[in-house]
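To start, the structure under review is shown below, and the notes come after it.
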Amino acid sequence: MKPNIKQYILLNFILLFLCVSAVGQSENESNINRERDSLLNLIKKSKPDTNRVKHFIALGSQYFYNTPDSALSYFQKALELSSKLKINKFIARCYNITGNLNSQQGNFDKAMDCYLKAVKIYEALNDRKKVAMCYNNVGLVQSEQGEFGKAIEYYLKALKIFEKIKDKKGISLIYNNIGIVYWNKKIYNYALEFYQKSLKIDIELGNIKGMADGYNNIGLLYSEQLNDKKAIDFYFKALKLYEEYGDLYGIAGVYQNISALYVIQKQYEKGVLFSLKGLKIAENIGSLPMQKLAYENLSKANDSLRNYKKAFEYLKEQSTFKDSIYNIESSKQIKTLDARYQNEKKEKEIALLNKDKELQNIEVKRQKMQIYGLIFGFALMLALAFVSYRSFRQKKKANIALAEQKFIIEEKNAELNQQNEEISAQRDEIEAQRDIVTSQKNHVEEIHSKLTASIRYAERIQHAVLPSEELFKMLLANYFILYKPKDVVSGDFYWTTIKKNKLLVAIADCTGHGVPGAFMSMLGISFLNEITAQSEFISTSNILNLLRDYIIKSLQQQGISGEQKDGMDISLIAIDLETYNLQFSGANNPIYIVKGLNSKEQNADSDFENTNPKLYELKGDKMPVAIHITMDDFSNQEMQLHEGDTIYLFTDGYADQFGGNKGKKFMYSKFKELLVSISDMPMDNQKTILDNNIYNWMNDSEIKYEQTDDITVLGIKI
């Protein structure tokens, strides 16, 4: 096929562009080579100290974007030397940069391992900015593996730190990455909103790399929405900035995006040219994901040009890279590393709480012994004073009887003086004892203050373990949580995550409340995170079976007589986000589903619309998640949900609360009637009504009733 005039002009333009670029690139490479030679000379001359570590890192950075294998070699030497010198900040920096290199090359399990090692060191150094950057990098790895819920969790951790330290560049980076998650989930309006927020900050800061990433991502979004003109404009804006910054990875990526757009527009020759340019750069920098994308674009373009042999060859190459990058073992390794990191943090926090509690108990016992000793001493002093006073009276009578009349006045004066001296001495002694008692009282109050502070610290740890409000807003669009601990910390907990398009939500009531219940709740959350992280999605009944095994093993329960039966009652649901099919398993806990006025169910003949709200109850198994007489497998129940349905998960605290004129429990029957009556209201209004109702139940009679248990109610509107 002969090229037409437009193709001829395009070909000449590209050749001219490559020639001009080659001249500029040659001069630039000459400068880079001089810098590398200079750094090599410095390494040879320097001693094995901090300066040599810095030179190795600088030299590795020179090779980062174009020769990653060389870069990795120099960073490894920097890591070995900094480890030998025990310079933690350089060790963490080497781990973080090595993680970036492995991520760029598609070695995501190695990247995850490096990032988590860097996080531990930066946390120990209290370098909040570096911790946030590592959280962001972990989020990128999770996003690449399709674990978008985990990615959002780490992005939000990083964003919280960046906002506290007012790091605008970091805030922009997180906005951009959250936008990418929304783009992957095809929620384009949110994706564009976050991209634009990120780009606005980067333009304000003059951040060329950030601006380039923003333009490229907005181009991808417009391409997905079939707005080709806007997409190509943003791609070329990004290309210009990547070239100015010298980011070969970014340049290769934009070339592939432009190639894919030209293939969609049926300009296949242009698509092949841009894809080949990007492939050459990807091969030079050793980026497996970018090479895979290039072969995919080349296969599609050649197939459309009827070059079937080439299309097939490129497709085979693309499949090879796909197997190299995305393999099951790598994904499992990443999940295992993340779960191990989360569990290590929780175990350290629980161990610290246990140690503080043990020290406090010892201190309280010692203070009690001191107080008992003081009281005994004071009582003994009063007894001795009484004996002394009695002896003095007897002596006085004897002196009066024996004394001569002429000495009566003198004797009385002498006795009076002696009494005054003794009274004065007794008064001083009593004042001294009073001061001791006051000092001990202040000391006891100080101990109480420390105990209160420790419990408050436990409250902060428990709130940190519970899912954040930001995560709930990301996963549940229309919901409320009524969470009212009886004491400062709670034995109730709530939990949520997403696994393979399944939304998992749980509400649990652990044995006891206060500090003991809080310990159990943190164990429960930690075990649920570990179970869901280490396996693909399994049924809700299997999750509860595994959770029971974890609790029995960790608490060393053997079922012997007199053993403490610690455990929990729980409701666990899983909602398929595409079909709205619900799975439920429960341990002593039911759930309620209210199909309201707006709930529609489809059947084979016609639409059916509810005219009155109706409540359905799914009951849990009559056994706890712990050692028990009955140890059968938990059952798995299913129900089809529809838009307008409302699901309620709860613990027994609300229904069992005493109050009213007769001081009786609120009861489940009233609780059901209340939920049905408010089910069609907005979720925020439902929460307010439930909160006000239980407060009035406890306080609207002559007797004011205390809260008897932790209260938790969670509602989700489909």
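Just remember, in the structure tokens the first chain shown is A, the second B, etc., residues are 1-based per chain, and ligands are 1-based in the order shown.
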**Q.** Neighbour list for A:Tyr63 as an NGL selection string, cut-off 12 Å, only C-alpha atoms, skip fewer than 4 positions in-chain
**A.** :A and (29 or 32-33 or 35-36 or 56-59 or 67-75 or 101 or 246-248 or 284-286)
Q.
Need to verify the contact set: A:Ala477, 9 Å, only C-alpha atoms, exclusion of same-chain residues closer than 3 positions in sequence. Can you return it as a count of residues only?
A. 6
Q: Skip stretch 117-123 of chain A itself and residues of its chain fewer than 2 positions away, then list as a PyMOL selection string all residues within 9 Å of it, counting only C-alpha atoms.
A: chain A and resi 88-89+91-96+112-115+125-135+341
**Q.** Computed interatomic separation between atom CA of A:Ile203 and atom CA of A:Lys168 (Å)
**A.** 11.2 Å
(Q) Write out as JSON, numbers by chain the set of residues from stretch 409-568 of chain A that DSSP, computed on the backbone, places in alpha helix (DSSP H). (A) {"A": [409, 410, 411, 412, 413, 414, 415, 416, 417, 418, 419, 420, 421, 422, 423, 424, 425, 426, 427, 428, 429, 430, 431, 432, 433, 434, 435, 436, 437, 438, 439, 440, 441, 442, 443, 444, 445, 446, 447, 448, 449, 450, 451, 452, 453, 454, 455, 456, 457, 458, 459, 460, 461, 462, 463, 464, 465, 469, 470, 471, 472, 473, 474, 475, 514, 515, 516, 517, 518, 519, 520, 521, 522, 523, 524, 525, 526, 527, 528, 529, 530, 531, 532, 533, 540, 541, 542, 543, 544, 545, 546, 547, 548, 549, 550, 551, 552, 553, 554]}
(Q) Residues near A:Asp652, anyone? I mean within 12 Å using only C-alpha atoms, not counting same-chain ones fewer than 3 positions away, as a VMD selection string. (A) chain A and resid 491 to 492 507 to 510 568 to 571 588 to 591 649 655 to 657 665 to 668 671 708 to 713
